[in-house]
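Text of the file query_32.tsv, holding TSV, C-alpha atoms:
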```tsv
chain	number	residue	atom	x	y	z
A	1	MET	CA	0.00	0.00	0.00
A	2	THR	CA	2.78	2.40	0.95
A	3	THR	CA	4.64	1.66	-2.28
A	4	ALA	CA	1.49	2.24	-4.33
A	5	VAL	CA	0.82	5.57	-2.59
A	6	ALA	CA	4.44	6.64	-3.13
A	7	GLY	CA	4.21	5.66	-6.79
A	8	ALA	CA	0.99	7.60	-7.26
A	9	SER	CA	2.50	10.62	-5.54
A	10	MET	CA	5.57	10.41	-7.80
A	11	THR	CA	3.35	10.23	-10.88
A	12	GLN	CA	1.33	13.25	-9.75
A	13	ARG	CA	4.50	15.22	-9.09
A	14	ARG	CA	5.87	14.42	-12.54
A	15	THR	CA	2.55	15.38	-14.10
A	16	ARG	CA	2.62	18.74	-12.29
A	17	ASP	CA	6.24	19.28	-13.33
A	18	PHE	CA	5.51	18.56	-16.99
A	19	ALA	CA	2.44	20.80	-16.85
A	20	ALA	CA	4.42	23.69	-15.34
A	21	ILE	CA	7.22	23.36	-17.89
A	22	GLY	CA	4.70	22.98	-20.73
A	23	ILE	CA	2.80	26.13	-19.73
A	24	ALA	CA	6.05	28.10	-19.36
A	25	ALA	CA	7.26	26.86	-22.76
A	26	ALA	CA	3.93	27.76	-24.39
A	27	LEU	CA	4.14	31.29	-22.97
A	28	ALA	CA	7.71	31.65	-24.25
A	29	VAL	CA	6.73	30.49	-27.75
A	30	THR	CA	3.72	32.84	-27.73
A	31	ALA	CA	5.93	35.79	-26.73
A	32	ALA	CA	8.46	34.91	-29.44
A	33	MET	CA	5.75	34.68	-32.09
A	34	ALA	CA	4.26	37.99	-30.93
A	35	SER	CA	7.71	39.55	-31.24
A	36	LEU	CA	7.81	38.53	-34.89
A	37	VAL	CA	4.30	39.81	-35.58
A	38	ILE	CA	4.12	43.05	-33.58
A	39	GLY	CA	6.05	46.16	-34.51
A	40	PRO	CA	5.83	49.50	-36.28
A	41	ILE	CA	5.10	47.41	-39.38
A	42	ALA	CA	2.38	44.91	-38.46
A	43	ILE	CA	2.73	41.56	-40.20
A	44	PRO	CA	-0.08	38.96	-39.93
A	45	PRO	CA	0.83	35.71	-38.10
A	46	GLN	CA	0.09	33.58	-41.17
A	47	ARG	CA	2.47	35.71	-43.22
A	48	VAL	CA	5.18	35.37	-40.56
A	49	ALA	CA	4.68	31.59	-40.51
A	50	ALA	CA	4.96	31.41	-44.30
A	51	ILE	CA	8.19	33.42	-44.22
A	52	LEU	CA	9.68	31.24	-41.47
A	53	PHE	CA	8.77	27.98	-43.18
A	54	GLY	CA	10.13	29.33	-46.46
A	55	PHE	CA	13.35	30.28	-44.69
A	56	LEU	CA	13.71	26.79	-43.21
A	57	ASP	CA	13.11	24.93	-46.47
A	58	GLY	CA	15.10	27.39	-48.60
A	59	THR	CA	12.15	28.84	-50.52
A	60	ALA	CA	11.84	32.16	-48.68
A	61	THR	CA	10.59	34.97	-50.87
A	62	ALA	CA	12.04	38.44	-51.02
A	63	GLY	CA	10.13	41.54	-50.06
A	64	ARG	CA	9.68	44.01	-47.26
A	65	ASP	CA	7.96	41.59	-44.88
A	66	ALA	CA	10.62	38.91	-45.32
A	67	VAL	CA	13.40	41.43	-44.67
A	68	VAL	CA	11.67	42.72	-41.53
A	69	VAL	CA	11.04	39.24	-40.14
A	70	LEU	CA	14.29	37.50	-41.06
A	71	ASP	CA	16.82	40.32	-40.81
A	72	VAL	CA	15.39	42.43	-37.99
A	73	ARG	CA	12.85	40.70	-35.78
A	74	LEU	CA	14.07	37.09	-35.82
A	75	PRO	CA	17.65	37.86	-34.64
A	76	ARG	CA	16.25	40.27	-32.05
A	77	THR	CA	13.80	37.67	-30.76
A	78	VAL	CA	16.41	34.91	-30.57
A	79	LEU	CA	18.78	37.23	-28.72
A	80	GLY	CA	16.00	38.22	-26.31
A	81	VAL	CA	15.25	34.56	-25.56
A	82	LEU	CA	18.90	33.76	-24.88
A	83	VAL	CA	19.59	36.85	-22.76
A	84	GLY	CA	16.34	36.59	-20.81
A	85	ALA	CA	16.71	32.88	-20.10
A	86	SER	CA	20.39	33.20	-19.08
A	87	THR	CA	19.85	36.20	-16.83
A	88	ALA	CA	16.78	34.78	-15.08
A	89	LEU	CA	18.43	31.40	-14.61
A	90	ALA	CA	21.51	33.09	-13.18
A	91	GLY	CA	19.29	34.94	-10.71
A	92	ALA	CA	17.69	31.70	-9.53
A	93	VAL	CA	21.10	30.08	-9.05
A	94	MET	CA	22.49	33.10	-7.18
A	95	GLN	CA	19.47	33.29	-4.88
A	96	GLY	CA	19.85	29.61	-4.06
A	97	LEU	CA	23.61	29.92	-3.57
A	98	PHE	CA	23.40	32.90	-1.23
A	99	ARG	CA	20.15	31.69	0.39
A	100	ASN	CA	18.95	35.25	-0.07
A	101	PRO	CA	15.80	36.16	-2.06
A	102	LEU	CA	17.33	39.51	-3.06
A	103	ALA	CA	20.53	38.11	-4.56
A	104	ASP	CA	21.14	39.17	-8.14
A	105	PRO	CA	23.69	38.21	-10.82
A	106	GLY	CA	25.26	41.61	-10.34
A	107	VAL	CA	26.66	40.51	-6.98
A	108	VAL	CA	29.38	38.50	-8.74
A	109	GLY	CA	30.66	41.66	-10.39
A	110	VAL	CA	29.57	40.91	-13.95
A	111	SER	CA	27.58	44.09	-14.54
A	112	SER	CA	30.11	46.42	-12.91
A	113	GLY	CA	33.08	44.85	-14.69
A	114	ALA	CA	31.30	44.85	-18.02
A	115	GLY	CA	30.23	48.45	-17.51
A	116	LEU	CA	33.78	49.62	-16.84
A	117	ALA	CA	35.16	47.74	-19.84
A	118	ALA	CA	32.37	49.11	-22.03
A	119	ALA	CA	33.13	52.66	-20.87
A	120	LEU	CA	36.78	52.11	-21.74
A	121	TRP	CA	35.83	50.97	-25.23
A	122	PHE	CA	33.35	53.79	-25.83
A	123	ILE	CA	35.77	56.49	-24.70
A	124	LEU	CA	39.20	55.06	-25.49
A	125	GLY	CA	38.19	52.62	-28.21
A	126	ALA	CA	40.46	53.95	-30.92
A	127	GLY	CA	43.54	53.59	-28.74
A	128	LEU	CA	42.49	50.22	-27.35
A	129	GLY	CA	41.89	48.89	-30.85
A	130	ASN	CA	45.55	49.56	-31.67
A	131	LEU	CA	46.63	47.19	-28.89
A	132	VAL	CA	45.42	44.10	-30.76
A	133	PRO	CA	46.84	42.88	-34.09
A	134	TRP	CA	43.45	42.60	-35.78
A	135	ASN	CA	40.48	44.86	-36.41
A	136	LEU	CA	37.68	44.04	-33.96
A	137	GLY	CA	35.18	46.32	-35.67
A	138	THR	CA	31.70	46.02	-34.18
A	139	LEU	CA	32.86	43.15	-31.95
A	140	GLY	CA	35.06	45.50	-29.92
A	141	LEU	CA	32.30	46.55	-27.52
A	142	PRO	CA	30.76	43.13	-26.74
A	143	LEU	CA	34.15	41.45	-26.45
A	144	SER	CA	35.52	44.13	-24.13
A	145	ALA	CA	32.38	44.07	-21.97
A	146	PHE	CA	32.53	40.27	-21.79
A	147	ALA	CA	36.21	40.31	-20.85
A	148	GLY	CA	35.60	42.95	-18.18
A	149	GLY	CA	32.83	40.92	-16.58
A	150	LEU	CA	34.89	37.74	-16.49
A	151	ILE	CA	38.02	39.49	-15.13
A	152	VAL	CA	36.12	41.10	-12.25
A	153	SER	CA	34.24	37.88	-11.51
A	154	ALA	CA	37.46	35.87	-11.41
A	155	THR	CA	39.02	38.47	-9.11
A	156	LEU	CA	36.05	38.28	-6.76
A	157	HIS	CA	36.25	34.52	-6.70
A	158	LEU	CA	39.93	34.65	-5.71
A	159	LEU	CA	39.32	37.28	-3.03
A	160	SER	CA	36.52	35.28	-1.46
A	161	ARG	CA	38.55	32.10	-0.94
A	162	ARG	CA	39.97	31.36	2.51
A	163	GLU	CA	41.80	28.13	3.34
A	164	GLY	CA	40.54	26.45	0.19
A	165	GLN	CA	36.91	27.41	0.78
A	166	THR	CA	34.69	30.06	-0.77
A	167	SER	CA	32.77	32.30	1.63
A	168	ALA	CA	29.45	33.38	0.15
A	169	THR	CA	29.31	36.32	2.55
A	170	LEU	CA	32.83	37.45	1.64
A	171	LEU	CA	32.01	37.07	-2.04
A	172	LEU	CA	28.99	39.32	-1.61
A	173	LEU	CA	30.93	41.98	0.33
A	174	ALA	CA	33.85	41.88	-2.11
A	175	GLY	CA	31.39	42.25	-4.97
A	176	ILE	CA	29.93	45.38	-3.39
A	177	ALA	CA	33.40	46.86	-2.82
A	178	ILE	CA	34.68	46.14	-6.33
A	179	GLY	CA	31.37	47.34	-7.77
A	180	ALA	CA	31.92	50.69	-6.04
A	181	PHE	CA	35.50	50.82	-7.37
A	182	THR	CA	34.45	50.10	-10.95
A	183	SER	CA	31.67	52.68	-10.65
A	184	ALA	CA	34.31	55.24	-9.67
A	185	GLY	CA	36.34	54.25	-12.74
A	186	VAL	CA	33.26	54.69	-14.94
A	187	GLY	CA	32.71	58.11	-13.35
A	188	VAL	CA	36.22	59.23	-14.29
A	189	LEU	CA	35.77	58.05	-17.87
A	190	VAL	CA	32.38	59.75	-18.14
A	191	PHE	CA	33.98	62.97	-16.94
A	192	ILE	CA	36.48	62.98	-19.80
A	193	ALA	CA	34.04	61.69	-22.44
A	194	SER	CA	32.68	63.76	-25.27
A	195	GLU	CA	28.97	64.43	-25.52
A	196	GLN	CA	28.52	61.82	-28.26
A	197	GLN	CA	30.51	59.18	-26.36
A	198	LEU	CA	28.54	59.89	-23.21
A	199	ARG	CA	25.25	59.55	-25.06
A	200	GLU	CA	26.24	56.22	-26.61
A	201	PHE	CA	27.50	54.81	-23.33
A	202	THR	CA	24.42	55.94	-21.40
A	203	PHE	CA	22.12	54.25	-23.94
A	204	TRP	CA	24.17	51.05	-23.68
A	205	THR	CA	23.92	50.98	-19.89
A	206	LEU	CA	20.12	51.15	-20.18
A	207	GLY	CA	20.08	47.99	-22.29
A	208	SER	CA	18.70	47.21	-25.74
A	209	LEU	CA	18.23	44.33	-28.16
A	210	GLY	CA	18.47	46.71	-31.10
A	211	GLY	CA	21.15	45.88	-33.60
A	212	ALA	CA	20.84	42.14	-32.95
A	213	THR	CA	22.86	40.16	-35.47
A	214	SER	CA	23.89	36.57	-36.04
A	215	THR	CA	27.35	37.53	-34.76
A	216	LYS	CA	25.96	38.65	-31.41
A	217	ILE	CA	23.82	35.52	-31.20
A	218	ALA	CA	26.90	33.39	-31.90
A	219	LEU	CA	28.75	35.22	-29.12
A	220	VAL	CA	26.18	34.53	-26.41
A	221	LEU	CA	24.80	31.18	-27.64
A	222	PRO	CA	27.56	28.79	-26.42
A	223	PHE	CA	27.68	30.36	-22.94
A	224	ALA	CA	23.89	30.40	-22.61
A	225	LEU	CA	23.49	26.78	-23.74
A	226	ALA	CA	26.35	25.58	-21.55
A	227	PHE	CA	24.88	27.29	-18.48
A	228	MET	CA	21.41	25.92	-19.21
A	229	ALA	CA	22.89	22.43	-19.48
A	230	VAL	CA	24.89	22.71	-16.24
A	231	ALA	CA	22.34	24.54	-14.06
A	232	PRO	CA	19.90	21.60	-13.62
A	233	ARG	CA	22.77	19.54	-12.22
A	234	LEU	CA	23.03	22.10	-9.39
A	235	ALA	CA	19.39	21.67	-8.35
A	236	ARG	CA	19.92	19.03	-5.66
A	237	GLY	CA	22.88	20.90	-4.20
A	238	LEU	CA	20.99	24.19	-4.08
A	239	ASP	CA	18.06	22.49	-2.33
A	240	ALA	CA	20.42	21.02	0.24
A	241	LEU	CA	22.24	24.32	0.66
A	242	ALA	CA	19.00	25.89	1.89
A	243	LEU	CA	19.53	23.91	5.11
A	244	GLY	CA	23.03	25.36	5.56
A	245	GLU	CA	26.49	24.49	4.27
A	246	ALA	CA	27.27	21.97	7.02
A	247	GLU	CA	23.98	20.16	6.49
A	248	ALA	CA	24.50	20.13	2.72
A	249	PHE	CA	27.97	18.62	3.22
A	250	HIS	CA	26.55	15.85	5.42
A	251	LEU	CA	23.98	15.13	2.72
A	252	GLY	CA	26.84	14.35	0.33
A	253	ILE	CA	27.04	17.66	-1.52
A	254	ASP	CA	30.47	18.94	-2.55
A	255	VAL	CA	29.71	22.48	-1.42
A	256	GLU	CA	32.95	24.02	-2.69
A	257	ARG	CA	32.52	22.54	-6.13
A	258	LEU	CA	28.91	23.72	-6.17
A	259	LYS	CA	30.02	27.29	-5.40
A	260	ARG	CA	32.74	27.26	-8.05
A	261	VAL	CA	30.48	25.92	-10.79
A	262	ALA	CA	27.66	28.30	-9.86
A	263	VAL	CA	29.84	31.42	-9.78
A	264	ILE	CA	31.73	30.59	-12.99
A	265	GLY	CA	28.54	29.64	-14.80
A	266	VAL	CA	26.74	32.81	-13.75
A	267	ALA	CA	29.74	34.97	-14.65
A	268	ALA	CA	30.09	33.46	-18.13
A	269	ALA	CA	26.39	33.46	-19.02
A	270	VAL	CA	25.56	36.91	-17.66
A	271	GLY	CA	28.84	38.38	-18.90
A	272	ALA	CA	28.02	37.26	-22.42
A	273	SER	CA	24.45	38.57	-22.07
A	274	VAL	CA	25.57	41.98	-20.82
A	275	ALA	CA	28.10	42.17	-23.65
A	276	VAL	CA	25.45	41.85	-26.37
A	277	SER	CA	22.46	43.63	-24.76
A	278	GLY	CA	23.90	46.09	-22.27
A	279	VAL	CA	22.78	46.20	-18.66
A	280	VAL	CA	19.16	45.01	-18.35
A	281	GLY	CA	18.15	45.09	-14.70
A	282	PHE	CA	15.62	43.18	-12.60
A	283	VAL	CA	15.24	40.16	-14.91
A	284	GLY	CA	17.46	38.00	-12.70
A	285	LEU	CA	15.93	39.41	-9.53
A	286	ILE	CA	12.19	39.39	-10.22
A	287	THR	CA	11.66	36.37	-12.48
A	288	PRO	CA	12.82	33.72	-9.97
A	289	HIS	CA	10.59	35.37	-7.35
A	290	VAL	CA	7.47	35.11	-9.47
A	291	VAL	CA	8.19	31.51	-10.42
A	292	ARG	CA	8.95	30.56	-6.81
A	293	LEU	CA	5.65	32.04	-5.64
A	294	VAL	CA	3.76	30.01	-8.25
A	295	ILE	CA	5.45	26.60	-8.22
A	296	GLY	CA	7.46	26.51	-4.98
A	297	PRO	CA	11.17	26.50	-4.12
A	298	ALA	CA	12.29	23.08	-5.42
A	299	HIS	CA	15.13	23.84	-7.84
A	300	ARG	CA	14.56	20.80	-10.06
A	301	LEU	CA	11.49	22.61	-11.41
A	302	LEU	CA	12.34	26.19	-10.46
A	303	LEU	CA	15.41	26.38	-12.72
A	304	PRO	CA	13.89	25.31	-16.09
A	305	VAL	CA	10.65	27.22	-15.52
A	306	THR	CA	12.60	30.34	-14.50
A	307	ALA	CA	14.67	30.17	-17.70
A	308	LEU	CA	11.52	29.99	-19.83
A	309	ALA	CA	9.83	32.74	-17.80
A	310	GLY	CA	12.90	34.96	-18.19
A	311	ALA	CA	12.78	34.55	-21.95
A	312	THR	CA	9.07	35.41	-21.94
A	313	PHE	CA	9.58	38.47	-19.74
A	314	LEU	CA	12.45	39.96	-21.73
A	315	VAL	CA	10.92	39.34	-25.16
A	316	THR	CA	7.64	40.86	-23.97
A	317	ALA	CA	9.46	43.86	-22.50
A	318	ASP	CA	11.29	44.31	-25.81
A	319	ILE	CA	7.98	44.36	-27.70
A	320	VAL	CA	6.81	47.17	-25.42
A	321	ALA	CA	10.14	49.01	-25.73
A	322	ARG	CA	10.02	49.18	-29.52
A	323	THR	CA	6.29	49.81	-30.00
A	324	ILE	CA	5.10	52.07	-27.19
A	325	ALA	CA	6.83	55.15	-28.65
A	326	ALA	CA	7.30	53.99	-32.28
A	327	PRO	CA	9.15	54.85	-34.43
A	328	SER	CA	11.46	55.72	-31.50
A	329	GLU	CA	12.64	52.99	-29.15
A	330	ILE	CA	12.65	53.16	-25.36
A	331	PRO	CA	15.72	51.55	-23.71
A	332	LEU	CA	14.90	48.02	-22.62
A	333	GLY	CA	16.26	48.56	-19.11
A	334	VAL	CA	13.71	51.33	-18.57
A	335	ILE	CA	10.86	48.90	-19.23
A	336	THR	CA	12.25	46.11	-17.01
A	337	ALA	CA	12.99	48.56	-14.20
A	338	GLY	CA	9.55	50.11	-14.57
A	339	VAL	CA	8.01	46.69	-14.01
A	340	GLY	CA	10.58	45.25	-11.62
A	341	ALA	CA	11.01	48.07	-9.11
A	342	PRO	CA	7.31	48.40	-8.18
A	343	PHE	CA	7.00	44.62	-8.04
A	344	MET	CA	9.99	44.43	-5.71
A	345	LEU	CA	8.43	47.03	-3.41
A	346	TRP	CA	5.17	45.09	-3.46
A	347	LEU	CA	6.99	41.92	-2.45
A	348	LEU	CA	8.73	43.68	0.41
A	349	LEU	CA	5.45	45.02	1.71
A	350	ARG	CA	3.10	42.10	1.03
A	351	GLN	CA	5.24	38.97	1.23
A	352	GLY	CA	7.16	39.71	4.40
A	353	LEU	CA	10.62	39.72	2.82
A	354	ALA	CA	11.64	42.67	4.96
A	355	GLN	CA	11.18	40.54	8.09
A	356	GLN	CA	13.17	37.69	6.60
A	357	LEU	CA	16.12	40.00	5.92
A	358	ARG	CA	16.39	41.32	9.52
```

Can you give me the file's structure in the form of structure tokens?
Amino acid sequence: MTTAVAGASMTQRRTRDFAAIGIAAALAVTAAMASLVIGPIAIPPQRVAAILFGFLDGTATAGRDAVVVLDVRLPRTVLGVLVGASTALAGAVMQGLFRNPLADPGVVGVSSGAGLAAALWFILGAGLGNLVPWNLGTLGLPLSAFAGGLIVSATLHLLSRREGQTSATLLLLAGIAIGAFTSAGVGVLVFIASEQQLREFTFWTLGSLGGATSTKIALVLPFALAFMAVAPRLARGLDALALGEAEAFHLGIDVERLKRVAVIGVAAAVGASVAVSGVVGFVGLITPHVVRLVIGPAHRLLLPVTALAGATFLVTADIVARTIAAPSEIPLGVITAGVGAPFMLWLLLRQGLAQQLR
């Protein structure tokens, strides 16, 4: 009888898991399709489908609609899915690692390091380009931002290690300190920047999926896919870590390895995302919260659903950003902050997070 009940319970749990993932995937596909349809130039869904199927079987026709869908909206949508999924998944991993519902990928120094490197490229790009033996062209900005994020993240990881162990608290404090230092460096560069350089850098820091290309997709794709493949393997360890590091160790979790993989994975995935889209805030902070409130804290389900929800959120925000003031485009970070900040305040007031953080 006990075995039968346990089997039935397992079946029900799997059914709920598949249903949750299926609903999240359906929402992501719907958002992606809407991104291809909606814009300053409205294109009917059936026309978009015909263009996509023609592209896949090599019979795509020329024309304005095909150019808009294949050359503008499709790369932008794919980039939004990758960046949104990576950033949201990174937020879920960081919140589980730090056992703190307000943890964000920025705590590992990715955003601050990428911002400083981007400022260097915007303001000193001509001189920096002479330091390498090849012409980086349009790749100069994303590559420099990516390198800056990884360098700062690696530095933080080294600073947070004591006697062969990584202190999550020390990592957080070191991230805040280095973030302040990099912000000071950005301030100095902004002070010496020209008006045009300052305008370009400011727009980049607010985030955008505009100018999405196959090159940018190729830059972020391997890091995003690798992180999405590795993250589910961290689920059991993150669940155990909620009980404390000592308890997780006694449950057979290699806590130090878990920390290393989590920090490196977050740094690589978010660093690549920031490099191609700029700084888009609140995706990694808010999305895991919403998913956790709906389906619970178990990471085996939380991680894949959060990735899909992040893709849905960012693609939807991008639709709003490029249509609400068409033909102009509002920076993507403005839309995500406009949604995320009030939601965060609502959580603090209504869900009791303020008491948990005392």

Show which residues sit within 8 Å of stretch 203-216 of chain A, as an MDAnalysis selection string. Count all atoms listed in the file, and ignore same-chain residues fewer than 4 positions away.
-> chainID A and resid 72 75:76 79:80 115 199 220 276:280 318 331:334

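Note that atom CA of A:Arg322 and atom CA of A:Leu52 are 21.6 Å apart.
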
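Here the question is which of A:Leu141, A:Leu234, A:Ala321, A:Val93 gets nearest to A:Ala275 using only C-alpha atoms, and that residue is A:Leu141.
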
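Residues in contact with A:Val263 at 10 Å, where all atoms listed in the file are counted and same-chain residues fewer than 4 positions away are skipped, are listed as A:Ala90, A:Val93, A:Met94, A:Leu97, A:Pro105, A:Val108, A:Ser153, A:Ala154, A:Leu156, A:His157, A:Leu171, A:Arg257, A:Leu258, A:Lys259, A:Ala267, A:Ala268.
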
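Take atom CA of A:Ala231 and atom CA of A:Thr316: the distance between them is 24.1 Å.
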
List every residue of stretch 237-346 of chain A that has an atom at most 10 Å from any atom of stretch 29-49 of chain A, giving for each one its closest atom pair and the distance in Å to one decimal, counting only C-alpha atoms, sorted by chain and then by ascending residue number, as CSV.
```
residue,atom,partner,partner_atom,distance
A:Leu308,CA,A:Val29,CA,9.3
A:Ala311,CA,A:Ala31,CA,8.4
A:Thr312,CA,A:Ala31,CA,5.7
A:Phe313,CA,A:Ala31,CA,8.3
A:Leu314,CA,A:Ala31,CA,9.2
A:Val315,CA,A:Ala31,CA,6.3
A:Thr316,CA,A:Ala31,CA,6.0
A:Ala317,CA,A:Ala31,CA,9.8
A:Asp318,CA,A:Ser35,CA,8.1
A:Ile319,CA,A:Ser35,CA,6.0
A:Val320,CA,A:Gly39,CA,9.2
A:Arg322,CA,A:Gly39,CA,7.1
A:Thr323,CA,A:Gly39,CA,5.8
A:Ile324,CA,A:Gly39,CA,9.5
A:Ala325,CA,A:Pro40,CA,9.5
A:Ala326,CA,A:Pro40,CA,6.2
A:Pro327,CA,A:Pro40,CA,6.6
A:Ser328,CA,A:Pro40,CA,9.7
```

Restrict the selected residues to C-alpha atoms and save them as a tab-separated table (two decimals), in the frame of the given file.
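selection_2.tsv written:
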```tsv
chain	number	residue	atom	x	y	z
A	308	LEU	CA	11.52	29.99	-19.83
A	311	ALA	CA	12.78	34.55	-21.95
A	312	THR	CA	9.07	35.41	-21.94
A	313	PHE	CA	9.58	38.47	-19.74
A	314	LEU	CA	12.45	39.96	-21.73
A	315	VAL	CA	10.92	39.34	-25.16
A	316	THR	CA	7.64	40.86	-23.97
A	317	ALA	CA	9.46	43.86	-22.50
A	318	ASP	CA	11.29	44.31	-25.81
A	319	ILE	CA	7.98	44.36	-27.70
A	320	VAL	CA	6.81	47.17	-25.42
A	322	ARG	CA	10.02	49.18	-29.52
A	323	THR	CA	6.29	49.81	-30.00
A	324	ILE	CA	5.10	52.07	-27.19
A	325	ALA	CA	6.83	55.15	-28.65
A	326	ALA	CA	7.30	53.99	-32.28
A	327	PRO	CA	9.15	54.85	-34.43
A	328	SER	CA	11.46	55.72	-31.50
```

State, in Å with one decimal place, the distance from atom CA of A:Thr202 to atom CA of A:Phe122.
-> 10.2 Å

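The nearest approach to A:Ala19 among the residues A:Leu301, A:Ala235, A:Val110, A:Ala240, with all atoms listed in the file taken into account, belongs to A:Leu301.
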
Near-stretch 142-147 of chain A list (7 Å; all atoms listed in the file; drop same-chain fewer than 3 positions) as a PyMOL selection string | chain A and resi 114-115+117-118+121+139+150-151+271-272+275-276

Long-range neighbours of A:Asp239 as a list in words, 10 Å cut-off, only C-alpha atoms, 4 positions minimum in chain = Gly96, Leu97, Arg99, Leu234, Ala235, Leu243, Gly244, Ala248, Pro297, Ala298, His299 and Arg300 of chain A

Pick the closest to A:Ala24 from A:Val294, A:Val152, A:Ile330, A:Val305: which is it, counting only C-alpha atoms?
-> A:Val305

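For the choices A:Ala174, A:Ala103, A:Ala193, A:Leu82, the atom-to-atom distance to A:Leu124 is smallest for A:Ala193 when using all atoms listed in the file.
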
Closest of A:Phe53, A:Phe181, A:Phe282, A:Trp346 to A:Gly91, counting all atoms listed in the file, is A:Phe282

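Nearest residue to A:Gln95 among A:Val266, A:Ile295, A:Gly22, A:Gly338 is A:Val266, counting all atoms listed in the file.
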
Determine, counting only C-alpha atoms, which protein, DNA and RNA residues have an atom within 7 Å of an atom of A:Ala307; residues of the same chain fewer than 3 positions away are not included. Present the result as a PyMOL selection string.
-> chain A and resi 85-86+88-89+303-304+310-311

Using C-alpha atoms, can you export the residues from the last selection as a CSV table (one decimal), keeping the file's coordinate frame?
```csv
chain,number,residue,atom,x,y,z
A,85,ALA,CA,16.7,32.9,-20.1
A,86,SER,CA,20.4,33.2,-19.1
A,88,ALA,CA,16.8,34.8,-15.1
A,89,LEU,CA,18.4,31.4,-14.6
A,303,LEU,CA,15.4,26.4,-12.7
A,304,PRO,CA,13.9,25.3,-16.1
A,310,GLY,CA,12.9,35.0,-18.2
A,311,ALA,CA,12.8,34.6,-22.0
```
